[in-house]
Amino acid sequence: MKKIISLLFISALGVLLLFVVASMPRMGDPESPTREHVIPRYLENAEEETNSPNVITGIILNYRGYDTSGEVTVIFCALACVLAILGREKRGRIHSYVDRSPVPASPVVKTMVRFLAPFIILFSVYTILHGEISPGGGFQGGAIVGASIIIFTTIFGLWEASRRIPQKFRVPLEGSAFIIFFIVGILGIVGGGNFLTYAWPNIANNLQPSVVLWLTIIVEIGIGLGGAMVLISILFAMMREEEAIAPTA
Amino acid sequence: MGAYRHFPVLMITIPMLGAVLLPFLGYLRKRWVATATLLPLAVSAVLGLLLIGRIPADGYLSYELGSWTPHFGIEIRVDYLGLFMMLIVCGISLLALVFSMRYIEREVEGPKLTAFYVLFLLLSAAMLGFTATGDIFNLFVFMEILALSSYALVAVAGNRNAVRAAFKYLLMGAPSSIMVLLAIGFLYSVTGSLNMADLSTRIAESSYSEVLIVAYILFVIGFGVKAALFPMHMWLPDAHSIAPSPVSAMLSGLLVEVSAFAIIRVTFSVFGSGAENLIGGTVDALGIFAAAAVLFGGIMAIIQKDLKMMIAYSTISHIGYIFLGITAFTAEGLAGAMYHVLDHGLAKACLFLCAGSFIYVKGYRRIDDLKGAWRQMPWTCFAFAVASISVIGVPPTAGFISKWYLILGNIEAGNYFYVFVLLSGSILAAVYCFRVIYYMFFQPPKEGAWESRTNEASPSMLAPIWILSFGTLFFGVFSYLLIPSLLKAAAFLL
């Protein structure tokens, strides 16, 4: 009975959504309402107004920076959720499931990971710093750093990884994304504008573009750093949990 | 323009900053975490109090983030109802936090305490941002923070039941978030805007009525799940009764109301002017569900054996009240709904905190075990009785005022059936509340259940309970402080 009700509900919803998609403006229609209202200003003026050649970066960090500051808080919140349920990894020496795995990682894999990890991190630095020019930015760069550490941890074990990125180093940096957004926001107020104003009205006009550029880069770095640390901390918390579940050898 | 125009954004971001800095403090000095959590919320509350009187009942404070004109950037738009809601959020969060400083140590293991306080602050900050925003995508962003932190707060006790209840909540909550996102996408695709005020003018001119209707339906379902409106309430009894009591107070006293407030925003600020004929059918359906919620919640509350379960079902019933105020589409109804948000927030938070102190002192959860509780815990029992009277809606409590205006609004709208439902909801509430009061005060205790001398919970737990129950009386007696402005603000919104 329950299954039939859910099936009916889901199919009703599906029909409703298909019906809506059919009556929505066509994709790519130059006369659709989305093309006429907000978008033209973004496309025409974003480079000049936000001082970033990549329009997307201009939109997410400047026009809609407040949304992005909320999104980085969502990421931080995910970490807080994991820690509230699993708890942090314990300080000191830790043996996780990977450390005690009966099948040791092959030397080929170990060498490759050891060789590639610095390059991956270097690439992520490029991704973060070039965010305002080319595709990429803080979120992507942070995810790449996180991924490199995840590879390292799965091959070398939690003990090796957490020795290189200890808790005392991660804890202050986990929230850096929002902290930097907040500082930039307050600077906007101090500079005579509103919260999160990048172009401070109180300073000379010829200085404004470079201030905007630097603030954008700083925000990108903050997002990258914070995102990476959150990913790493979530991974470490989950690995400690795996140790508790795994049967002791 | 004075400095006060920055206050709303600071009210939102300072608790968020506090939440982000808290883990570091927890790493250095664990003992200070609880006290440090109070600080940002207190700052927010003070800023909110300073805003009183600066926002006229028929106006709003608009704040352009990043100095971009509203529909290019994001706007924070605090109107009278928004400020009212933000102050309720600040006040009840602070009181629940004071209560939990002592209580939570028993339910949450030491290392996870910091994470608990971080989530608590994030939940409060998200609710503030959620009510203040004037941008519909920003609404979604804060809804994500709010939802994520509340899932984890339900599970924070860490035992199997808590995790199961949280997972159930997550399974209901995640699709509802997706529905809200889809609805925002639909609205954007046919209007090209995300700003609420801009949307309402563009919706009035739009020719895509099918898309708009479905978008509204998705909004109602999405926020309806978060608000636990009747057919979408399944997650609520488990989550609210299993969560630690201060968390239950937050979820039941604030979170469901804030979600209902989101529906007020979407209904009146986005669709209300110009698209009333489009959403009429959905609003009528909403009214039927709300009426069903009032009766269903009341009946289920009567048959519960667990005290927190009973309070949770009572919340389902009272959410129905708020929605009946919304669907009346009259100023009285809307003002009644907003006043009910205040009254229900205070009373439910008080009831859950009382249930929490029974659990803390004696470990009793069942209603039967409360027989004769008066002998040992007179202060908690009196506060419980006052809050229950407000839940029933007996004068001079705030519950009476809000129900009075809800009924007036529905009479004006000509919905006499709903008037009947509202009145019978009060009778049901009387049945389930007076049963507990009767047990507490007029039944002999079981052998050895309660000591004959006063042995209460600590003052830091008793004080929030008493402030809340005093609040229900205060806003009942001095309702003339708020009602005229609320009526004016509601008329402005309509």
# chains A, B, ... in the order shown; residues from 1 in each chain; ligands from 1
>>> interface_residues(of="chain A", to="chain B", cutoff="7 Å", atoms="only C-alpha atoms", output="PyMOL selection string")
chain A and resi 20+23-25+33-34+37-38+63-64+67+70-71+74+77+80-81+83-85+87+171-172+175+179+193-198
>>> write_last_selection(atoms="C-alpha atoms", output="PDB file, in the first residue's frame")
ATOM      1  CA  VAL A  20       6.494  22.486 -16.686  1.00  0.00           C
ATOM      2  CA  SER A  23       6.048  25.109 -21.112  1.00  0.00           C
ATOM      3  CA  MET A  24       9.289  26.732 -20.013  1.00  0.00           C
ATOM      4  CA  PRO A  25      11.116  29.110 -22.374  1.00  0.00           C
ATOM      5  CA  PRO A  33      13.256  36.361 -19.884  1.00  0.00           C
ATOM      6  CA  THR A  34      16.595  35.322 -18.402  1.00  0.00           C
ATOM      7  CA  HIS A  37      16.980  41.171 -17.352  1.00  0.00           C
ATOM      8  CA  VAL A  38      20.098  40.684 -15.256  1.00  0.00           C
ATOM      9  CA  TYR A  63      27.857  40.473  -7.297  1.00  0.00           C
ATOM     10  CA  ARG A  64      26.658  37.488  -5.278  1.00  0.00           C
ATOM     11  CA  ASP A  67      25.637  33.785  -1.308  1.00  0.00           C
ATOM     12  CA  GLY A  70      26.828  31.277   2.830  1.00  0.00           C
ATOM     13  CA  GLU A  71      28.014  28.383   0.682  1.00  0.00           C
ATOM     14  CA  VAL A  74      27.585  25.161   4.301  1.00  0.00           C
ATOM     15  CA  CYS A  77      28.698  23.118   8.540  1.00  0.00           C
ATOM     16  CA  ALA A  80      30.717  20.331  12.035  1.00  0.00           C
ATOM     17  CA  CYS A  81      28.035  17.703  11.306  1.00  0.00           C
ATOM     18  CA  LEU A  83      32.485  15.991  13.923  1.00  0.00           C
ATOM     19  CA  ALA A  84      29.264  16.087  15.952  1.00  0.00           C
ATOM     20  CA  ILE A  85      28.453  12.529  14.937  1.00  0.00           C
ATOM     21  CA  GLY A  87      34.143  13.083  16.576  1.00  0.00           C
ATOM     22  CA  VAL A 171      41.747  23.613  13.256  1.00  0.00           C
ATOM     23  CA  PRO A 172      42.450  27.344  12.817  1.00  0.00           C
ATOM     24  CA  GLY A 175      37.010  28.316   8.987  1.00  0.00           C
ATOM     25  CA  ILE A 179      36.662  34.500   8.263  1.00  0.00           C
ATOM     26  CA  GLY A 193      30.374  51.099   1.360  1.00  0.00           C
ATOM     27  CA  ASN A 194      28.144  48.286   2.471  1.00  0.00           C
ATOM     28  CA  PHE A 195      29.069  44.842   3.734  1.00  0.00           C
ATOM     29  CA  LEU A 196      31.163  42.987   1.124  1.00  0.00           C
ATOM     30  CA  THR A 197      31.801  46.058  -1.009  1.00  0.00           C
ATOM     31  CA  TYR A 198      35.035  45.470  -2.886  1.00  0.00           C
TER      32      TYR A 198
END
>>> select_by_dssp(residues="stretch 17-245 of chain A", states="alpha helix (DSSP H)", output="PyMOL selection string")
chain A and resi 17-23+33-36+39-50+55-57+65-86+107-129+138-164+167-174+176-190+208-245
>>> residues_around(residues="B:Thr454", least_positions_apart="3", cutoff="9 Å", atoms="only C-alpha atoms", output="MDAnalysis selection string")
chainID B and resid 374:378 451
>>> write_last_selection(atoms="all heavy atoms", output="JSON list (two decimals), in the first residue's frame")
[["chain", "number", "residue", "atom", "x", "y", "z"],
["B", 374, "TRP", "N", 4.89, 17.69, 41.26],
["B", 374, "TRP", "CA", 4.79, 18.98, 41.90],
["B", 374, "TRP", "C", 5.57, 19.04, 43.22],
["B", 374, "TRP", "O", 6.16, 20.05, 43.58],
["B", 374, "TRP", "CB", 3.31, 19.27, 42.14],
["B", 374, "TRP", "CG", 3.05, 20.42, 42.99],
["B", 374, "TRP", "CD1", 3.18, 21.72, 42.65],
["B", 374, "TRP", "CD2", 2.61, 20.40, 44.34],
["B", 374, "TRP", "NE1", 2.85, 22.51, 43.69],
["B", 374, "TRP", "CE2", 2.49, 21.73, 44.75],
["B", 374, "TRP", "CE3", 2.28, 19.38, 45.24],
["B", 374, "TRP", "CZ2", 2.06, 22.07, 46.02],
["B", 374, "TRP", "CZ3", 1.86, 19.71, 46.50],
["B", 374, "TRP", "CH2", 1.75, 21.04, 46.88],
["B", 375, "ARG", "N", 5.57, 17.93, 43.95],
["B", 375, "ARG", "CA", 6.20, 17.93, 45.27],
["B", 375, "ARG", "C", 7.69, 18.25, 45.19],
["B", 375, "ARG", "O", 8.23, 18.95, 46.02],
["B", 375, "ARG", "CB", 6.06, 16.56, 45.93],
["B", 375, "ARG", "CG", 4.68, 16.26, 46.36],
["B", 375, "ARG", "CD", 4.47, 14.76, 46.33],
["B", 375, "ARG", "NE", 3.06, 14.45, 46.40],
["B", 375, "ARG", "CZ", 2.47, 14.07, 47.52],
["B", 375, "ARG", "NH1", 3.17, 13.93, 48.62],
["B", 375, "ARG", "NH2", 1.19, 13.81, 47.53],
["B", 376, "GLN", "N", 8.35, 17.67, 44.18],
["B", 376, "GLN", "CA", 9.79, 17.86, 44.13],
["B", 376, "GLN", "C", 10.19, 19.05, 43.26],
["B", 376, "GLN", "O", 11.16, 19.74, 43.57],
["B", 376, "GLN", "CB", 10.47, 16.59, 43.61],
["B", 376, "GLN", "CG", 11.97, 16.68, 43.75],
["B", 376, "GLN", "CD", 12.68, 15.52, 43.13],
["B", 376, "GLN", "OE1", 12.15, 14.41, 43.07],
["B", 376, "GLN", "NE2", 13.88, 15.75, 42.65],
["B", 377, "MET", "N", 9.46, 19.27, 42.17],
["B", 377, "MET", "CA", 9.88, 20.31, 41.23],
["B", 377, "MET", "C", 8.75, 21.32, 41.02],
["B", 377, "MET", "O", 8.21, 21.42, 39.92],
["B", 377, "MET", "CB", 10.30, 19.68, 39.90],
["B", 377, "MET", "CG", 11.42, 18.67, 40.06],
["B", 377, "MET", "SD", 11.85, 17.86, 38.51],
["B", 377, "MET", "CE", 12.68, 19.17, 37.65],
["B", 378, "PRO", "N", 8.38, 22.07, 42.07],
["B", 378, "PRO", "CA", 7.22, 22.96, 41.93],
["B", 378, "PRO", "C", 7.43, 24.03, 40.87],
["B", 378, "PRO", "O", 6.51, 24.34, 40.11],
["B", 378, "PRO", "CB", 7.09, 23.57, 43.32],
["B", 378, "PRO", "CG", 8.43, 23.42, 43.94],
["B", 378, "PRO", "CD", 9.01, 22.18, 43.37],
["B", 451, "GLU", "N", 10.69, 12.89, 45.50],
["B", 451, "GLU", "CA", 10.95, 13.24, 46.89],
["B", 451, "GLU", "C", 9.91, 14.26, 47.34],
["B", 451, "GLU", "O", 9.34, 14.97, 46.53],
["B", 451, "GLU", "CB", 12.36, 13.85, 47.02],
["B", 451, "GLU", "CG", 13.46, 12.92, 46.61],
["B", 451, "GLU", "CD", 14.77, 13.66, 46.40],
["B", 451, "GLU", "OE1", 14.93, 14.74, 46.97],
["B", 451, "GLU", "OE2", 15.59, 13.15, 45.63]]
>>> atom_distance(atom1="atom CA of B:Leu370", atom2="atom CA of B:Lys305")
11.1 Å
>>> residues_around(residues="B:Ile303", least_positions_apart="6", cutoff="12 Å", atoms="only C-alpha atoms", output="list in words")
Phe296, Gly297, Met309, Met310, Ile311, Tyr313, Ser314, Ile367, Leu428, Ala429, Val431, Tyr432, Cys433 and Arg435 of chain B
>>> residues_around(residues="A:Gly137", least_positions_apart="5", cutoff="6 Å", atoms="only C-alpha atoms", output="VMD selection string")
chain A and resid 127 to 128 131
>>> write_last_selection(atoms="N, CA and C atoms", output="PDB file, in the first residue's frame")
ATOM      1  N   THR A 127      45.300  26.847  -9.866  1.00  0.00           N
ATOM      2  CA  THR A 127      43.849  26.935 -10.027  1.00  0.00           C
ATOM      3  C   THR A 127      43.269  28.031  -9.146  1.00  0.00           C
ATOM      4  N   ILE A 128      43.778  28.095  -7.899  1.00  0.00           N
ATOM      5  CA  ILE A 128      43.243  29.099  -6.971  1.00  0.00           C
ATOM      6  C   ILE A 128      43.640  30.503  -7.422  1.00  0.00           C
ATOM      7  N   GLY A 131      41.980  31.992 -10.525  1.00  0.00           N
ATOM      8  CA  GLY A 131      40.522  31.905 -10.545  1.00  0.00           C
ATOM      9  C   GLY A 131      39.851  33.102 -11.187  1.00  0.00           C
TER      10      GLY A 131
END
>>> atom_distance(atom1="atom CA of B:Ile221", atom2="atom CA of B:Ser176")
6.8 Å
>>> residues_around(residues="stretch 401-410 of chain B", least_positions_apart="4", cutoff="10 Å", atoms="only C-alpha atoms", output="ChimeraX atom specification")
/B:321-344,390-397,414-423,426,475-477,479-480,483,487
>>> closest_residue(among="A:Leu225, A:Leu207, A:Ile218, A:Ile56", to="A:Leu173", atoms="only C-alpha atoms")
A:Leu225
>>> closest_residue(among="B:Gly399, B:Leu307, B:Ala239, B:Ala312", to="B:Arg366", atoms="only C-alpha atoms")
B:Leu307
>>> closest_residue(among="B:Ala125, B:Ala347, B:Val436, B:Ala290", to="B:Gln304", atoms="only C-alpha atoms")
B:Val436
>>> residues_around(residues="B:Leu468", least_positions_apart="5", cutoff="8 Å", atoms="only C-alpha atoms", output="PyMOL selection string")
chain B and resi 346-347+349-350
>>> write_last_selection(atoms="all heavy atoms", output="compact mmCIF listing (two decimals), in the first residue's frame")
# COMPACT_ATOMS: atom_id res chain seq x y z
N LEU B 346 7.51 30.65 22.26
CA LEU B 346 7.77 30.75 23.70
C LEU B 346 7.23 29.53 24.44
O LEU B 346 7.94 28.90 25.22
CB LEU B 346 7.10 32.02 24.26
CG LEU B 346 7.66 33.37 23.82
CD1 LEU B 346 6.73 34.48 24.28
CD2 LEU B 346 9.04 33.56 24.40
N ALA B 347 5.97 29.19 24.15
CA ALA B 347 5.33 28.12 24.93
C ALA B 347 5.98 26.77 24.64
O ALA B 347 6.29 26.01 25.55
CB ALA B 347 3.85 28.07 24.62
N ALA B 349 9.00 26.12 23.41
CA ALA B 349 10.36 26.06 23.94
C ALA B 349 10.30 25.80 25.43
O ALA B 349 11.04 24.96 25.96
CB ALA B 349 11.10 27.36 23.64
N CYS B 350 9.38 26.47 26.11
CA CYS B 350 9.24 26.28 27.55
C CYS B 350 8.86 24.83 27.88
O CYS B 350 9.46 24.20 28.74
CB CYS B 350 8.19 27.24 28.10
SG CYS B 350 7.99 27.12 29.86
>>> closest_residue(among="B:Gly2, B:Gly253, B:Gly185, B:Gly281", to="B:Ile217", atoms="only C-alpha atoms")
B:Gly281
>>> atom_distance(atom1="atom CA of A:Val230", atom2="atom CA of A:Ile75")
7.4 Å
>>> closest_residue(among="B:Gly224, B:Gly48, B:Arg54, B:Ile302", to="B:Phe434", atoms="only C-alpha atoms")
B:Ile302
